[in-house]
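With compact mmCIF, C-alpha atoms inside, this is structure-v9.txt:
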# COMPACT_ATOMS: atom_id res chain seq x y z
CA MET A 1 341.15 39.22 254.91
CA ILE A 2 343.34 41.31 257.19
CA GLU A 3 346.91 40.01 257.26
CA ALA A 4 349.36 40.35 260.11
CA ARG A 5 352.04 41.88 257.87
CA HIS A 6 349.63 44.65 256.90
CA LEU A 7 348.91 45.37 260.57
CA ARG A 8 352.63 45.68 261.27
CA VAL A 9 352.96 48.23 258.47
CA LEU A 10 349.92 50.18 259.71
CA ARG A 11 351.40 50.40 263.20
CA ALA A 12 354.68 51.64 261.75
CA VAL A 13 352.90 54.32 259.68
CA ALA A 14 350.86 55.39 262.72
CA ALA A 15 354.00 55.60 264.87
CA THR A 16 356.19 57.46 262.34
CA GLY A 17 353.57 59.58 260.54
CA SER A 18 354.64 58.85 256.96
CA PHE A 19 355.15 56.08 254.46
CA SER A 20 358.82 56.92 253.96
CA ALA A 21 359.60 56.90 257.69
CA ALA A 22 357.70 53.64 258.13
CA ALA A 23 359.65 52.15 255.22
CA ARG A 24 362.96 53.05 256.89
CA GLU A 25 361.81 51.52 260.18
CA LEU A 26 360.63 48.33 258.49
CA GLY A 27 363.60 48.03 256.15
CA CYS A 28 361.60 48.13 252.94
CA THR A 29 360.75 50.62 250.19
CA GLN A 30 358.20 53.44 250.35
CA PRO A 31 356.20 51.98 247.40
CA ALA A 32 355.98 48.65 249.24
CA VAL A 33 354.49 50.40 252.27
CA SER A 34 352.00 52.27 250.07
CA GLN A 35 350.99 49.05 248.31
CA GLN A 36 350.40 47.18 251.58
CA MET A 37 348.32 50.05 252.97
CA LYS A 38 346.13 49.99 249.87
CA ALA A 39 345.68 46.24 250.31
CA LEU A 40 344.75 46.70 253.98
CA GLU A 41 342.22 49.44 253.23
CA SER A 42 340.72 47.21 250.54
CA SER A 43 340.38 44.35 253.04
CA ALA A 44 338.89 46.67 255.68
CA GLY A 45 336.47 48.19 253.20
CA THR A 46 337.05 51.72 254.49
CA PRO A 47 339.84 54.36 254.53
CA LEU A 48 342.32 53.96 257.38
CA LEU A 49 344.60 56.93 256.71
CA ILE A 50 344.08 60.57 255.81
CA ARG A 51 346.94 62.01 253.77
CA THR A 52 347.72 65.65 254.66
CA GLY A 53 350.79 66.76 252.79
CA ARG A 54 353.70 64.63 253.84
CA GLU A 55 352.03 63.37 257.03
CA MET A 56 349.48 60.66 257.61
CA ARG A 57 346.64 60.76 260.10
CA LEU A 58 344.52 57.81 261.16
CA THR A 59 340.81 57.73 260.53
CA GLN A 60 338.50 56.46 263.26
CA ALA A 61 338.62 53.02 261.65
CA GLY A 62 342.40 53.24 261.46
CA GLU A 63 342.62 54.13 265.17
CA ALA A 64 340.43 51.15 266.05
CA LEU A 65 342.55 48.79 263.95
CA VAL A 66 345.82 50.07 265.44
CA ARG A 67 344.37 49.65 268.91
CA HIS A 68 343.51 46.02 268.24
CA ALA A 69 346.68 45.39 266.25
CA ALA A 70 348.87 45.45 269.36
CA GLY A 71 347.01 42.57 270.95
CA ILE A 72 346.68 40.65 267.71
CA LEU A 73 350.37 40.88 266.90
CA ALA A 74 351.40 40.09 270.47
CA GLY A 75 349.17 37.02 270.46
CA LEU A 76 350.49 35.95 267.08
CA THR A 77 354.08 36.31 268.26
CA ALA A 78 353.32 34.22 271.35
CA ALA A 79 351.63 31.59 269.17
CA GLU A 80 354.59 31.50 266.78
CA GLU A 81 357.00 31.05 269.67
CA GLU A 82 354.90 28.27 271.20
CA VAL A 83 354.57 26.45 267.87
CA ALA A 84 358.32 26.81 267.31
CA ALA A 85 358.94 25.32 270.76
CA ILE A 86 356.67 22.38 269.99
CA ALA A 87 358.22 21.87 266.56
CA GLY A 88 361.66 21.98 268.12
CA LEU A 89 360.61 19.56 270.90
CA ARG A 90 361.30 22.19 273.55
CA ALA A 91 357.66 21.79 274.53
CA GLY A 92 354.69 19.59 273.72
CA ARG A 93 352.61 16.81 275.17
CA VAL A 94 351.71 13.26 274.17
CA ARG A 95 348.81 11.23 275.55
CA LEU A 96 349.81 7.57 275.57
CA VAL A 97 347.57 4.57 276.24
CA SER A 98 349.09 1.13 276.79
CA PHE A 99 348.15 -2.39 277.84
CA PRO A 100 349.54 -3.36 281.31
CA SER A 101 352.48 -5.58 280.31
CA GLY A 102 353.60 -2.94 277.81
CA SER A 103 353.30 -0.26 280.48
CA SER A 104 355.67 -2.13 282.78
CA THR A 105 358.26 -3.16 280.17
CA LEU A 106 358.47 -1.00 277.05
CA VAL A 107 356.98 2.27 278.26
CA PRO A 108 359.34 3.09 281.19
CA THR A 109 362.47 2.70 279.04
CA ALA A 110 360.97 4.68 276.17
CA LEU A 111 359.70 7.57 278.30
CA ALA A 112 362.92 7.84 280.32
CA ALA A 113 364.92 8.17 277.11
CA LEU A 114 362.40 10.64 275.67
CA ARG A 115 362.58 12.83 278.78
CA ALA A 116 366.39 12.77 278.78
CA GLU A 117 366.51 13.84 275.12
CA HIS A 118 363.55 16.25 275.16
CA PRO A 119 362.86 17.38 278.74
CA GLY A 120 360.22 19.87 277.60
CA THR A 121 357.99 17.14 276.19
CA ARG A 122 355.41 15.78 278.63
CA VAL A 123 353.80 12.36 278.27
CA SER A 124 350.71 11.18 280.16
CA LEU A 125 349.87 7.48 280.46
CA VAL A 126 346.63 5.58 280.96
CA GLU A 127 346.11 1.83 280.64
CA SER A 128 343.63 0.12 278.39
CA GLU A 129 343.60 -3.12 276.42
CA PRO A 130 342.89 -3.22 272.69
CA PRO A 131 340.43 -2.90 271.03
CA ARG A 132 339.33 -0.19 273.48
CA SER A 133 342.72 1.55 273.30
CA VAL A 134 342.44 1.72 269.50
CA GLU A 135 338.94 3.18 269.84
CA MET A 136 340.37 5.83 272.19
CA LEU A 137 342.89 6.80 269.51
CA ARG A 138 340.22 7.14 266.84
CA GLU A 139 337.98 9.10 269.22
CA GLY A 140 340.73 11.61 269.99
CA ASP A 141 341.26 10.54 273.60
CA CYS A 142 344.95 9.73 273.09
CA ASP A 143 347.77 10.43 270.63
CA VAL A 144 349.59 7.08 270.67
CA ALA A 145 348.20 3.63 271.46
CA LEU A 146 350.46 0.73 272.36
CA ALA A 147 348.49 -2.29 271.20
CA PHE A 148 348.74 -5.91 270.14
CA ARG A 149 347.01 -8.48 267.98
CA TYR A 150 347.50 -12.19 267.64
CA GLU A 151 348.61 -14.12 264.57
CA GLY A 152 345.70 -14.85 262.30
CA ARG A 153 343.57 -12.00 263.62
CA ARG A 154 344.57 -9.68 260.79
CA GLU A 155 343.27 -12.12 258.19
CA ALA A 156 340.10 -12.76 260.17
CA SER A 157 339.48 -9.04 260.59
CA GLN A 158 339.39 -8.55 256.83
CA HIS A 159 336.47 -10.94 256.32
CA LYS A 160 333.52 -9.00 254.92
CA GLY A 161 330.45 -11.21 255.27
CA GLY A 162 326.91 -10.34 254.39
CA GLY A 163 324.04 -10.29 256.85
CA GLY A 164 324.50 -10.06 260.58
CA ARG A 165 327.79 -9.93 262.44
CA ARG A 166 328.94 -13.28 263.76
CA GLU A 167 330.14 -13.88 267.31
CA GLY A 168 333.67 -12.52 267.73
CA GLU A 169 333.54 -10.60 264.47
CA GLY A 170 333.26 -7.25 266.30
CA ALA A 171 336.67 -7.75 267.91
CA HIS A 172 338.15 -8.71 264.57
CA ALA A 173 336.69 -5.65 262.86
CA ALA A 174 338.19 -3.44 265.55
CA GLU A 175 341.62 -4.69 264.47
CA GLU A 176 341.40 -3.19 261.01
CA TRP A 177 344.17 -0.59 261.22
CA ASP A 178 344.27 0.56 257.59
CA ASP A 179 343.32 4.11 258.64
CA LEU A 180 346.15 4.31 261.20
CA VAL A 181 349.92 4.66 261.16
CA VAL A 182 351.22 1.30 262.41
CA ARG A 183 354.73 1.18 263.91
CA PRO A 184 355.71 -2.49 264.42
CA LEU A 185 357.70 -2.96 267.62
CA LEU A 186 358.24 -6.65 268.33
CA ALA A 187 356.84 -10.18 268.15
CA ASP A 188 355.86 -11.31 271.64
CA ARG A 189 355.86 -15.12 271.89
CA LEU A 190 353.51 -17.02 274.17
CA VAL A 191 355.25 -19.23 276.73
CA GLY A 192 353.91 -21.90 279.05
CA LEU A 193 353.93 -21.38 282.80
CA VAL A 194 353.82 -24.38 285.17
CA PRO A 195 354.37 -24.89 288.92
CA GLU A 196 357.96 -25.66 289.91
CA GLY A 197 357.16 -29.27 290.80
CA HIS A 198 355.15 -29.92 287.66
CA ARG A 199 356.03 -32.91 285.47
CA LEU A 200 356.87 -30.54 282.58
CA ALA A 201 358.86 -28.02 284.62
CA GLY A 202 362.20 -29.24 283.29
CA ALA A 203 361.12 -29.71 279.71
CA GLY A 204 362.88 -27.61 277.11
CA SER A 205 359.81 -27.33 274.91
CA VAL A 206 356.41 -28.97 274.76
CA THR A 207 353.47 -29.05 272.40
CA ILE A 208 350.28 -27.39 273.57
CA ASP A 209 348.44 -30.72 273.72
CA ALA A 210 350.76 -31.78 276.56
CA PHE A 211 348.52 -29.57 278.73
CA ALA A 212 345.27 -31.13 277.51
CA GLU A 213 344.37 -32.64 280.89
CA GLU A 214 345.54 -29.70 283.00
CA SER A 215 343.58 -27.07 284.90
CA TRP A 216 344.11 -23.66 283.30
CA ILE A 217 344.50 -20.14 284.62
CA ALA A 218 343.49 -17.79 281.81
CA GLY A 219 344.62 -14.19 281.35
CA CYS A 220 343.05 -11.14 279.72
CA PRO A 221 339.93 -11.65 277.55
CA ARG A 222 341.84 -11.45 274.25
CA CYS A 223 344.55 -13.81 275.56
CA ARG A 224 341.79 -16.10 276.85
CA ARG A 225 340.14 -16.19 273.43
CA GLN A 226 343.47 -16.89 271.79
CA LEU A 227 344.17 -19.71 274.27
CA VAL A 228 340.86 -21.40 273.45
CA GLU A 229 341.51 -21.13 269.70
CA VAL A 230 345.03 -22.57 269.98
CA CYS A 231 343.90 -25.45 272.19
CA GLU A 232 340.94 -26.25 269.94
CA GLY A 233 343.35 -26.28 267.01
CA ALA A 234 345.34 -28.93 268.91
CA GLY A 235 342.21 -31.02 269.41
CA PHE A 236 341.10 -30.23 272.95
CA ALA A 237 339.14 -27.66 274.91
CA PRO A 238 341.03 -26.15 277.88
CA ARG A 239 339.43 -26.57 281.31
CA ILE A 240 339.65 -23.00 282.64
CA ASP A 241 339.30 -23.00 286.43
CA PHE A 242 340.47 -19.43 287.02
CA ALA A 243 340.38 -16.32 284.84
CA THR A 244 341.88 -12.94 285.71
CA ASP A 245 343.14 -9.84 283.91
CA ASP A 246 345.89 -9.47 286.51
CA TYR A 247 349.13 -11.10 285.33
CA PRO A 248 350.68 -11.26 288.85
CA ALA A 249 347.54 -13.10 289.94
CA VAL A 250 347.96 -15.60 287.08
CA VAL A 251 351.59 -16.20 288.10
CA GLY A 252 350.60 -16.50 291.76
CA LEU A 253 347.91 -19.07 291.01
CA VAL A 254 350.32 -21.12 288.89
CA GLY A 255 353.02 -20.83 291.54
CA ALA A 256 350.55 -22.14 294.13
CA GLY A 257 350.05 -25.26 292.03
CA LEU A 258 346.48 -24.47 290.99
CA GLY A 259 346.99 -24.89 287.28
CA VAL A 260 349.03 -23.98 284.20
CA ALA A 261 348.91 -20.93 281.97
CA VAL A 262 350.18 -19.57 278.68
CA LEU A 263 351.29 -15.94 278.85
CA PRO A 264 353.12 -13.53 276.54
CA GLU A 265 356.83 -13.11 277.26
CA LEU A 266 356.29 -9.41 278.08
CA ALA A 267 353.86 -10.43 280.80
CA ILE A 268 356.40 -12.86 282.27
CA GLU A 269 359.09 -10.17 282.07
CA SER A 270 356.90 -7.76 284.01
CA VAL A 271 356.29 -10.21 286.89
CA ARG A 272 358.77 -12.28 288.86
CA PRO A 273 357.38 -15.83 288.45
CA LYS A 274 357.88 -17.01 292.04
CA GLY A 275 357.11 -20.70 292.40
CA ALA A 276 356.59 -21.11 288.65
CA ARG A 277 358.72 -22.21 285.69
CA THR A 278 358.45 -21.26 282.03
CA VAL A 279 358.51 -23.75 279.16
CA THR A 280 358.62 -23.16 275.44
CA VAL A 281 355.38 -24.04 273.67
CA GLU A 282 355.41 -25.41 270.13
CA PRO A 283 354.28 -24.56 267.55
CA ALA A 284 355.14 -20.95 268.33
CA VAL A 285 352.24 -18.54 268.82
CA GLN A 286 353.03 -14.82 268.83
CA ARG A 287 351.25 -11.57 269.28
CA GLU A 288 352.34 -8.53 267.30
CA ILE A 289 353.17 -5.51 269.47
CA VAL A 290 352.71 -2.17 267.69
CA ALA A 291 352.45 1.54 268.36
CA LEU A 292 349.53 3.21 266.62
CA THR A 293 348.73 6.82 265.82
CA LEU A 294 346.68 8.81 263.34
CA PRO A 295 348.32 9.98 260.08
CA ASP A 296 348.11 13.68 260.99
CA LEU A 297 349.44 13.06 264.50
CA ALA A 298 352.42 11.16 263.08
CA GLN A 299 353.69 14.51 261.73
CA VAL A 300 353.74 16.09 265.20
CA PRO A 301 357.37 16.07 266.43
CA ALA A 302 356.56 14.97 269.99
CA VAL A 303 354.44 12.06 268.73
CA ALA A 304 357.09 11.03 266.20
CA ALA A 305 359.76 11.11 268.94
CA THR A 306 357.57 8.96 271.20
CA LEU A 307 357.15 6.38 268.44
CA ASP A 308 360.91 6.36 267.85
CA HIS A 309 361.70 5.77 271.50
CA LEU A 310 359.10 3.01 271.82
CA ALA A 311 360.77 1.30 268.85
CA LYS A 312 364.20 1.68 270.44
CA ALA A 313 362.92 0.29 273.74
CA ALA A 314 361.46 -2.71 271.90
CA SER A 315 364.72 -3.35 270.03
CA ARG A 316 366.54 -3.61 273.36

Mind converting the file's structure to structure tokens?
Amino acid sequence: MIEARHLRVLRAVAATGSFSAAARELGCTQPAVSQQMKALESSAGTPLLIRTGREMRLTQAGEALVRHAAGILAGLTAAEEEVAAIAGLRAGRVRLVSFPSGSSTLVPTALAALRAEHPGTRVSLVESEPPRSVEMLREGDCDVALAFRYEGRREASQHKGGGGRREGEGAHAAEEWDDLVVRPLLADRLVGLVPEGHRLAGAGSVTIDAFAEESWIAGCPRCRRQLVEVCEGAGFAPRIDFATDDYPAVVGLVGAGLGVAVLPELAIESVRPKGARTVTVEPAVQREIVALTLPDLAQVPAVAATLDHLAKAASR
């Protein structure tokens, strides 16, 4: 294998015409130059220098190698400088995927702080809900995934049954994150949302069964599934009249008096609930908000800095 250090010595010998002169230029000893030239000729499998007295002359192979050495060493220097810039966070890029309420609450604060501290680092953002966002991370389509999972899902995801996969088990399996670096950010509690004139609008807290006879506006598919499970646990099946992935639409429908909803606090924070009031729902149901990346990516400085700033944004 031809090494870059050997190419540098060969160029110095070709430029100066002798081992001793090359040694002075490189700041090393003449025997060291001779030893590296022997190693290079061994790697090349052919003589590179012809020794005539005190001077050295390149063979045809040596001339070819010197000719290519300039480009090789220049490219290597450029690569070293670029890697150093990335390692020092003077450059780099991070591809981030986030669910919508995270994009409008945690992400802006985190990315603004990251840009202020490391202006050379560029972050791109696309939106996707888990489990698709987690799949994107595993498939190499992003570097960091902002994701969530509900209480109880972790235990359900670890069920290993025989035979065919049961309904809903695919979503649970997608939440197995043992192969990923998981950075916990916050616990996002679900809160009730009712029209301003609703009988429960002034209540400090209510149990979920207080909404048993209400019309429901359901949110994203995972939130919808969680809603059904919580309500069934309280002994009733929610009557879902409207379902939408758009949180402002959920708030608008509640504000118009068309039903009630249960949404994560981040979703409420991202939308001004005009015409609607929030109430605390007991017992508390939370979703775990995390930032995910792959183990190798976690060692990349720009990715590590992004995770740090997401954690700081969540703590605020």

Who sits within 7 Å of Val123 in chain A, only C-alpha atoms, same chain under 5 positions skipped, as a PDB file with C-alpha atoms, keeping the file's coordinate frame:
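Final file, part.pdb:
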ATOM      1  CA  ARG A  93     352.610  16.810 275.170  1.00  0.00           C
ATOM      2  CA  VAL A  94     351.710  13.260 274.170  1.00  0.00           C
ATOM      3  CA  ARG A  95     348.810  11.230 275.550  1.00  0.00           C
ATOM      4  CA  LEU A  96     349.810   7.570 275.570  1.00  0.00           C
TER       5      LEU A  96
END

| task | Report the distance between CA of Arg122 in chain A and CA of Ser103 in chain A in Å, rounded to one decimal place. | result | 16.3 Å

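The interatomic distance for the pair CA of Val13 in chain A and CA of Leu49 in chain A works out to 9.2 Å.
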
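CA of Glu288 in chain A is positioned 10.6 Å from CA of Arg183 in chain A.
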
| query | Which of these, A:Leu185, A:Val194, A:Val206, A:Leu106, has the shortest distance to Thr278 in chain A once you count all atoms listed in the file? | reply | A:Val194

| said: If we draw a sphere of 12 Å around (364.6, -29.6, 279.3), which residues have at least one atom in it when counting only C-alpha atoms? Please report them as JSON, numbers by chain. | reply: {"A": [199, 200, 201, 202, 203, 204, 205, 206, 277, 278, 279, 280]}

Take the residues that were just selected and, keeping C-alpha atoms, output them as an mmCIF file, in the frame of the given file.
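So the final result, stored in selection_9.cif, reads:
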data_model
loop_
_atom_site.group_PDB
_atom_site.id
_atom_site.type_symbol
_atom_site.label_atom_id
_atom_site.label_comp_id
_atom_site.auth_asym_id
_atom_site.auth_seq_id
_atom_site.Cartn_x
_atom_site.Cartn_y
_atom_site.Cartn_z
ATOM 1 C CA ARG A 199 356.030 -32.910 285.470
ATOM 2 C CA LEU A 200 356.870 -30.540 282.580
ATOM 3 C CA ALA A 201 358.860 -28.020 284.620
ATOM 4 C CA GLY A 202 362.200 -29.240 283.290
ATOM 5 C CA ALA A 203 361.120 -29.710 279.710
ATOM 6 C CA GLY A 204 362.880 -27.610 277.110
ATOM 7 C CA SER A 205 359.810 -27.330 274.910
ATOM 8 C CA VAL A 206 356.410 -28.970 274.760
ATOM 9 C CA ARG A 277 358.720 -22.210 285.690
ATOM 10 C CA THR A 278 358.450 -21.260 282.030
ATOM 11 C CA VAL A 279 358.510 -23.750 279.160
ATOM 12 C CA THR A 280 358.620 -23.160 275.440
#

| Taking (350.1, 1.7, 258.5) in the file's coordinates as the center, which residues reach within 10 Å of it, counting all atoms listed in the file, put as a count of residues only? | 12

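Proximity of A:Leu137, A:Leu146, A:Leu114, A:Ala74 to Gly92 in chain A, computed with only C-alpha atoms, is greatest for A:Leu114.
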
Give me the residues within 7 Å of Pro195 in chain A as a short mmCIF file (atom, residue, chain, number, x, y, z; two decimals) with C-alpha atoms, in the frame of the given file, counting all atoms listed in the file and dropping any in the same chain fewer than 2 places off.
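The file below, selection-v7.cif, is the result:
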data_model
loop_
_atom_site.label_atom_id
_atom_site.label_comp_id
_atom_site.auth_asym_id
_atom_site.auth_seq_id
_atom_site.Cartn_x
_atom_site.Cartn_y
_atom_site.Cartn_z
CA GLY A 197 357.16 -29.27 290.80
CA HIS A 198 355.15 -29.92 287.66
CA ALA A 201 358.86 -28.02 284.62
CA VAL A 254 350.32 -21.12 288.89
CA GLY A 255 353.02 -20.83 291.54
CA GLY A 257 350.05 -25.26 292.03
CA GLY A 275 357.11 -20.70 292.40
CA ALA A 276 356.59 -21.11 288.65
CA ARG A 277 358.72 -22.21 285.69
#

Around all the atoms of range 7-12 of chain A listed in the file, with 3 Å of room on each side, what axis-aligned box do you get, giving centre and edge lengths in Å to one decimal, as lines of an AutoDock Vina configuration file?
center_x = 351.8
center_y = 48.5
center_z = 260.8
size_x = 11.8
size_y = 12.3
size_z = 10.7

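When all atoms listed in the file are used to measure the gap to Tyr247 in chain A, the shortest distance among A:Arg272, A:Arg225, A:Lys312, A:Arg138 belongs to A:Arg272.
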
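Within 10 Å of range 30-40 of chain A there are Met1, Ile2, Glu3, Ala4, Arg5, His6, Leu7, Val9, Leu10, Ala12, Val13, Ser18, Phe19, Ser20, Ala21, Ala22, Ala23, Arg24, Leu26, Gly27, Cys28, Ser42, Ser43, Ala44, Gly45, Thr46, Pro47, Leu48 and Leu49 of chain A, counting only C-alpha atoms and ignoring same-chain residues fewer than 2 positions away.
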
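Distances to Thr77 in chain A were evaluated for A:Arg239, A:Arg8, A:Arg57, A:Arg222 using only C-alpha atoms, and the minimum falls at A:Arg8.
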
| query | Smallest atom-to-atom distance to Gly233 in chain A: which of A:Val285, A:Ala64, A:Val250, A:Leu258, using only C-alpha atoms? | reply | A:Val285

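For Trp216 in chain A, the non-local neighbours within 8 Å, defined as residues at least 6 positions apart in the same chain or in other chains and counting only C-alpha atoms, are Pro238, Arg239, Ile240, Asp241, Phe242, Gly259, Val260 and Ala261 of chain A.
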
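Using all atoms listed in the file, the nearest neighbour of Leu193 in chain A within the list A:Ala267, A:Ala243, A:Ala145, A:Val134 is A:Ala267.
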